[in-house]
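Visitor: Can you read through this structure? Questions will come right after.
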Amino acid sequence: MKKTFKLENLCCPNCAAKMETAINKLDDVISCEINFMMLKMKLEAEDEKFDNVLEEVIKLIQRVEPDCEVVR
């Protein structure tokens with residue numbers, strides 16, 4: 001499953017790059033792309049694991065930039 005999410009309060013491209021790199025290292029993530037200019041994240045993971053992967057991704061994003069929110 002591949003979904004696109006809006007990111008709110010993402011303040012710098014360096015943080016976006018850190019998030020993207022860390023998310024792509026997660027076991028069940030097939031791919032992740034974060035576009036800082038558009039404030040969007042494309043996340044791809046297996047259908048049956050997608051919700052759990054998304055929760056991990058949100059926690060990781062909050063560790064890198066606590067003010068950033070993923071809009072579902």
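Here, A, B, ... name the chains of the structure tokens in the order displayed, residue numbers run from 1 inside each chain, and ligands are numbered from 1 in the same displayed order.
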Write out as a short mmCIF file (atom, residue, chain, number, x, y, z; two decimals) with N, CA, C and O atoms, in the first residue's frame each polymer residue whose atoms come within 12 Å of Asn35 (chain A), counting only C-alpha atoms; drop sequence neighbours fewer than 5 positions from it.

Guide:
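Now in around_35.cif:
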```cif
data_model
loop_
_atom_site.label_atom_id
_atom_site.label_comp_id
_atom_site.auth_asym_id
_atom_site.auth_seq_id
_atom_site.Cartn_x
_atom_site.Cartn_y
_atom_site.Cartn_z
N THR A 4 -0.04 8.98 0.60
CA THR A 4 0.61 10.28 0.72
C THR A 4 -0.02 11.02 1.89
O THR A 4 -1.24 11.03 2.05
N PHE A 5 0.83 11.63 2.72
CA PHE A 5 0.39 12.36 3.89
C PHE A 5 0.94 13.78 3.86
O PHE A 5 2.05 14.00 3.41
N LYS A 6 0.17 14.71 4.38
CA LYS A 6 0.62 16.09 4.52
C LYS A 6 1.37 16.20 5.85
O LYS A 6 0.98 15.61 6.84
N LEU A 7 2.47 16.95 5.83
CA LEU A 7 3.25 17.20 7.04
C LEU A 7 3.08 18.65 7.45
O LEU A 7 3.27 19.55 6.64
N LEU A 10 6.82 21.29 9.50
CA LEU A 10 8.15 20.79 9.12
C LEU A 10 8.97 22.02 8.75
O LEU A 10 8.68 22.71 7.79
N CYS A 12 12.57 22.53 8.35
CA CYS A 12 13.82 22.64 7.58
C CYS A 12 14.07 21.41 6.73
O CYS A 12 13.66 20.30 7.08
N PRO A 13 14.74 21.59 5.59
CA PRO A 13 15.02 20.46 4.70
C PRO A 13 15.97 19.45 5.33
O PRO A 13 15.90 18.26 5.02
N ASN A 14 16.83 19.90 6.24
CA ASN A 14 17.74 18.97 6.90
C ASN A 14 16.97 17.97 7.76
O ASN A 14 17.27 16.78 7.74
N CYS A 15 15.98 18.45 8.48
CA CYS A 15 15.14 17.55 9.29
C CYS A 15 14.37 16.58 8.40
O CYS A 15 14.23 15.41 8.73
N ALA A 16 13.86 17.07 7.29
CA ALA A 16 13.13 16.21 6.35
C ALA A 16 14.05 15.10 5.84
O ALA A 16 13.63 13.94 5.75
N ALA A 17 15.29 15.43 5.53
CA ALA A 17 16.25 14.42 5.04
C ALA A 17 16.57 13.40 6.13
O ALA A 17 16.65 12.20 5.86
N MET A 19 14.59 12.53 8.60
CA MET A 19 13.40 11.70 8.76
C MET A 19 13.33 10.64 7.65
O MET A 19 13.10 9.47 7.93
N GLU A 20 13.51 11.09 6.43
CA GLU A 20 13.42 10.17 5.28
C GLU A 20 14.44 9.04 5.41
O GLU A 20 14.10 7.87 5.22
N LYS A 40 4.99 17.07 1.97
CA LYS A 40 4.29 15.80 1.78
C LYS A 40 5.24 14.63 1.99
O LYS A 40 6.43 14.73 1.73
N MET A 41 4.67 13.53 2.47
CA MET A 41 5.41 12.29 2.65
C MET A 41 4.68 11.18 1.92
O MET A 41 3.48 10.99 2.11
N LYS A 42 5.40 10.46 1.07
CA LYS A 42 4.86 9.26 0.42
C LYS A 42 5.45 8.07 1.14
O LYS A 42 6.66 7.92 1.24
N LEU A 43 4.57 7.22 1.64
CA LEU A 43 4.99 6.06 2.42
C LEU A 43 4.43 4.81 1.78
O LEU A 43 3.24 4.75 1.46
#
```

Visitor: Here is a test: counting only C-alpha atoms, which residue of A:Glu69, A:Leu60, A:Glu8, A:Phe50 is nearest to Lys25 (chain A)?

Guide: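 Ranked by minimum distance to Lys25 (chain A), first place goes to A:Leu60.
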
Visitor: CA of Asp67 (chain A) to CA of Asn9 (chain A): how many Å, to one decimal?

Guide: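 CA of Asn9 (chain A) lies 6.0 Å from CA of Asp67 (chain A).
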
Visitor: So, counting only C-alpha atoms, which residue among A:Met1, A:Ile23, A:Leu39, A:Cys11 is closest to Ile61 (chain A)?

Guide: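 Going through A:Met1, A:Ile23, A:Leu39, A:Cys11 one by one, the smallest distance to Ile61 (chain A) is for A:Ile23.
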
Visitor: Pick the closest to Gln62 (chain A) from A:Ala45, A:Asp27, A:Cys32, A:Lys18: which is it, counting only C-alpha atoms?

Guide: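 Using only C-alpha atoms, Gln62 (chain A) sits closest to A:Lys18.
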
Visitor: Rounded to one decimal, what separation in Å do you get between CA of Glu48 (chain A) and CA of Arg63 (chain A)?

Guide: 25.1 Å

Visitor: CA of Val53 (chain A) to CA of Ile30 (chain A): how many Å, to one decimal?

Guide: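 Value for the CA of Val53 (chain A)-CA of Ile30 (chain A) distance: 10.3 Å.
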
Visitor: For the structure I just gave you, how does DSSP split chain A - specifically, which residues are strand (DSSP E)? Reply as a PyMOL selection string.

Guide: chain A and resi 2-8+29-35+40-45+69-71

Visitor: Take the residues that were just selected and, keeping N, CA and C atoms, output them as an mmCIF file, in the first residue's frame.

Guide:
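Saved to part-v8.cif:
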```
data_model
loop_
_atom_site.group_PDB
_atom_site.id
_atom_site.type_symbol
_atom_site.label_atom_id
_atom_site.label_comp_id
_atom_site.auth_asym_id
_atom_site.auth_seq_id
_atom_site.Cartn_x
_atom_site.Cartn_y
_atom_site.Cartn_z
ATOM 1 N N LYS A 2 0.511 2.201 -0.784
ATOM 2 C CA LYS A 2 1.254 3.457 -0.863
ATOM 3 C C LYS A 2 0.287 4.595 -0.597
ATOM 4 N N LYS A 3 0.637 5.454 0.375
ATOM 5 C CA LYS A 3 -0.219 6.588 0.714
ATOM 6 C C LYS A 3 0.621 7.849 0.819
ATOM 7 N N THR A 4 -0.039 8.976 0.601
ATOM 8 C CA THR A 4 0.607 10.278 0.723
ATOM 9 C C THR A 4 -0.021 11.022 1.894
ATOM 10 N N PHE A 5 0.829 11.629 2.718
ATOM 11 C CA PHE A 5 0.386 12.364 3.893
ATOM 12 C C PHE A 5 0.937 13.780 3.862
ATOM 13 N N LYS A 6 0.171 14.711 4.377
ATOM 14 C CA LYS A 6 0.622 16.093 4.519
ATOM 15 C C LYS A 6 1.372 16.204 5.845
ATOM 16 N N LEU A 7 2.471 16.949 5.831
ATOM 17 C CA LEU A 7 3.248 17.195 7.040
ATOM 18 C C LEU A 7 3.078 18.654 7.448
ATOM 19 N N GLU A 8 2.702 18.885 8.690
ATOM 20 C CA GLU A 8 2.552 20.246 9.199
ATOM 21 C C GLU A 8 3.700 20.565 10.142
ATOM 22 N N VAL A 29 9.198 -0.915 6.035
ATOM 23 C CA VAL A 29 8.998 0.162 5.069
ATOM 24 C C VAL A 29 9.583 -0.254 3.722
ATOM 25 N N ILE A 30 8.759 -0.184 2.681
ATOM 26 C CA ILE A 30 9.245 -0.471 1.325
ATOM 27 C C ILE A 30 9.949 0.763 0.784
ATOM 28 N N SER A 31 9.299 1.922 0.934
ATOM 29 C CA SER A 31 9.945 3.173 0.526
ATOM 30 C C SER A 31 9.258 4.353 1.211
ATOM 31 N N CYS A 32 10.027 5.428 1.349
ATOM 32 C CA CYS A 32 9.501 6.662 1.914
ATOM 33 C C CYS A 32 10.207 7.819 1.227
ATOM 34 N N GLU A 33 9.421 8.796 0.794
ATOM 35 C CA GLU A 33 9.956 10.017 0.205
ATOM 36 C C GLU A 33 9.300 11.194 0.907
ATOM 37 N N ILE A 34 10.125 12.141 1.350
ATOM 38 C CA ILE A 34 9.593 13.362 1.965
ATOM 39 C C ILE A 34 9.990 14.533 1.087
ATOM 40 N N ASN A 35 8.987 15.274 0.645
ATOM 41 C CA ASN A 35 9.212 16.458 -0.175
ATOM 42 C C ASN A 35 9.032 17.676 0.718
ATOM 43 N N LYS A 40 4.990 17.069 1.966
ATOM 44 C CA LYS A 40 4.288 15.802 1.785
ATOM 45 C C LYS A 40 5.237 14.634 1.994
ATOM 46 N N MET A 41 4.669 13.527 2.468
ATOM 47 C CA MET A 41 5.410 12.294 2.649
ATOM 48 C C MET A 41 4.681 11.178 1.917
ATOM 49 N N LYS A 42 5.398 10.455 1.068
ATOM 50 C CA LYS A 42 4.861 9.264 0.416
ATOM 51 C C LYS A 42 5.445 8.069 1.135
ATOM 52 N N LEU A 43 4.574 7.222 1.642
ATOM 53 C CA LEU A 43 4.989 6.057 2.418
ATOM 54 C C LEU A 43 4.428 4.807 1.775
ATOM 55 N N GLU A 44 5.305 3.818 1.595
ATOM 56 C CA GLU A 44 4.874 2.538 1.034
ATOM 57 C C GLU A 44 5.298 1.422 1.967
ATOM 58 N N ALA A 45 4.322 0.566 2.314
ATOM 59 C CA ALA A 45 4.559 -0.584 3.183
ATOM 60 C C ALA A 45 3.540 -1.658 2.821
ATOM 61 N N GLU A 69 3.730 17.313 12.507
ATOM 62 C CA GLU A 69 2.569 16.425 12.621
ATOM 63 C C GLU A 69 2.245 15.815 11.263
ATOM 64 N N VAL A 70 1.849 14.545 11.291
ATOM 65 C CA VAL A 70 1.401 13.857 10.085
ATOM 66 C C VAL A 70 -0.115 13.956 10.038
ATOM 67 N N VAL A 71 -0.647 14.554 8.970
ATOM 68 C CA VAL A 71 -2.099 14.690 8.822
ATOM 69 C C VAL A 71 -2.625 13.471 8.097
#
```

Visitor: Using DSSP on the backbone coordinates, identify the residues of chain A assigned to alpha helix (DSSP H); present them as a PyMOL selection string.

Guide: chain A and resi 13-24+50-64

Visitor: Just to be explicit: take each residue in the selection above, keep N, CA and C atoms, and write the result as a short mmCIF file (atom, residue, chain, number, x, y, z; two decimals), in the first residue's frame.

Guide:
```cif
data_model
loop_
_atom_site.label_atom_id
_atom_site.label_comp_id
_atom_site.auth_asym_id
_atom_site.auth_seq_id
_atom_site.Cartn_x
_atom_site.Cartn_y
_atom_site.Cartn_z
N PRO A 13 14.74 21.59 5.59
CA PRO A 13 15.02 20.46 4.70
C PRO A 13 15.97 19.45 5.33
N ASN A 14 16.83 19.90 6.24
CA ASN A 14 17.74 18.97 6.90
C ASN A 14 16.97 17.97 7.76
N CYS A 15 15.98 18.45 8.48
CA CYS A 15 15.14 17.55 9.29
C CYS A 15 14.37 16.58 8.40
N ALA A 16 13.86 17.07 7.29
CA ALA A 16 13.13 16.21 6.35
C ALA A 16 14.05 15.10 5.84
N ALA A 17 15.29 15.43 5.53
CA ALA A 17 16.25 14.42 5.04
C ALA A 17 16.57 13.40 6.13
N LYS A 18 16.72 13.87 7.37
CA LYS A 18 16.98 12.95 8.49
C LYS A 18 15.82 11.99 8.67
N MET A 19 14.59 12.53 8.60
CA MET A 19 13.40 11.70 8.76
C MET A 19 13.33 10.64 7.65
N GLU A 20 13.51 11.09 6.43
CA GLU A 20 13.42 10.17 5.28
C GLU A 20 14.44 9.04 5.41
N THR A 21 15.67 9.37 5.76
CA THR A 21 16.72 8.36 5.91
C THR A 21 16.36 7.36 7.01
N ALA A 22 15.92 7.87 8.15
CA ALA A 22 15.58 7.00 9.28
C ALA A 22 14.36 6.12 8.97
N ILE A 23 13.36 6.68 8.33
CA ILE A 23 12.15 5.92 8.00
C ILE A 23 12.48 4.80 7.02
N ASN A 24 13.32 5.07 6.03
CA ASN A 24 13.68 4.05 5.05
C ASN A 24 14.47 2.90 5.66
N PHE A 50 0.64 -1.86 7.36
CA PHE A 50 0.71 -0.42 7.12
C PHE A 50 0.40 0.41 8.36
N ASP A 51 -0.66 0.08 9.08
CA ASP A 51 -1.05 0.89 10.25
C ASP A 51 0.04 0.89 11.32
N ASN A 52 0.65 -0.28 11.57
CA ASN A 52 1.73 -0.37 12.55
C ASN A 52 2.95 0.40 12.09
N VAL A 53 3.26 0.31 10.80
CA VAL A 53 4.40 1.04 10.24
C VAL A 53 4.16 2.54 10.38
N LEU A 54 2.96 2.99 10.09
CA LEU A 54 2.64 4.41 10.18
C LEU A 54 2.83 4.92 11.61
N GLU A 55 2.42 4.13 12.60
CA GLU A 55 2.61 4.54 14.00
C GLU A 55 4.10 4.68 14.33
N GLU A 56 4.92 3.74 13.84
CA GLU A 56 6.37 3.83 14.05
C GLU A 56 6.94 5.08 13.38
N VAL A 57 6.47 5.34 12.16
CA VAL A 57 6.93 6.51 11.40
C VAL A 57 6.59 7.80 12.14
N ILE A 58 5.40 7.89 12.67
CA ILE A 58 4.97 9.09 13.40
C ILE A 58 5.86 9.31 14.63
N LYS A 59 6.14 8.24 15.38
CA LYS A 59 7.02 8.36 16.55
C LYS A 59 8.42 8.83 16.14
N LEU A 60 8.92 8.28 15.04
CA LEU A 60 10.26 8.65 14.57
C LEU A 60 10.29 10.12 14.15
N ILE A 61 9.27 10.56 13.44
CA ILE A 61 9.18 11.96 13.01
C ILE A 61 9.17 12.88 14.23
N GLN A 62 8.42 12.51 15.25
CA GLN A 62 8.33 13.34 16.45
C GLN A 62 9.66 13.40 17.20
N ARG A 63 10.47 12.33 17.11
CA ARG A 63 11.80 12.36 17.73
C ARG A 63 12.72 13.33 17.02
N VAL A 64 12.63 13.38 15.68
CA VAL A 64 13.49 14.28 14.90
C VAL A 64 13.02 15.72 15.05
#
```
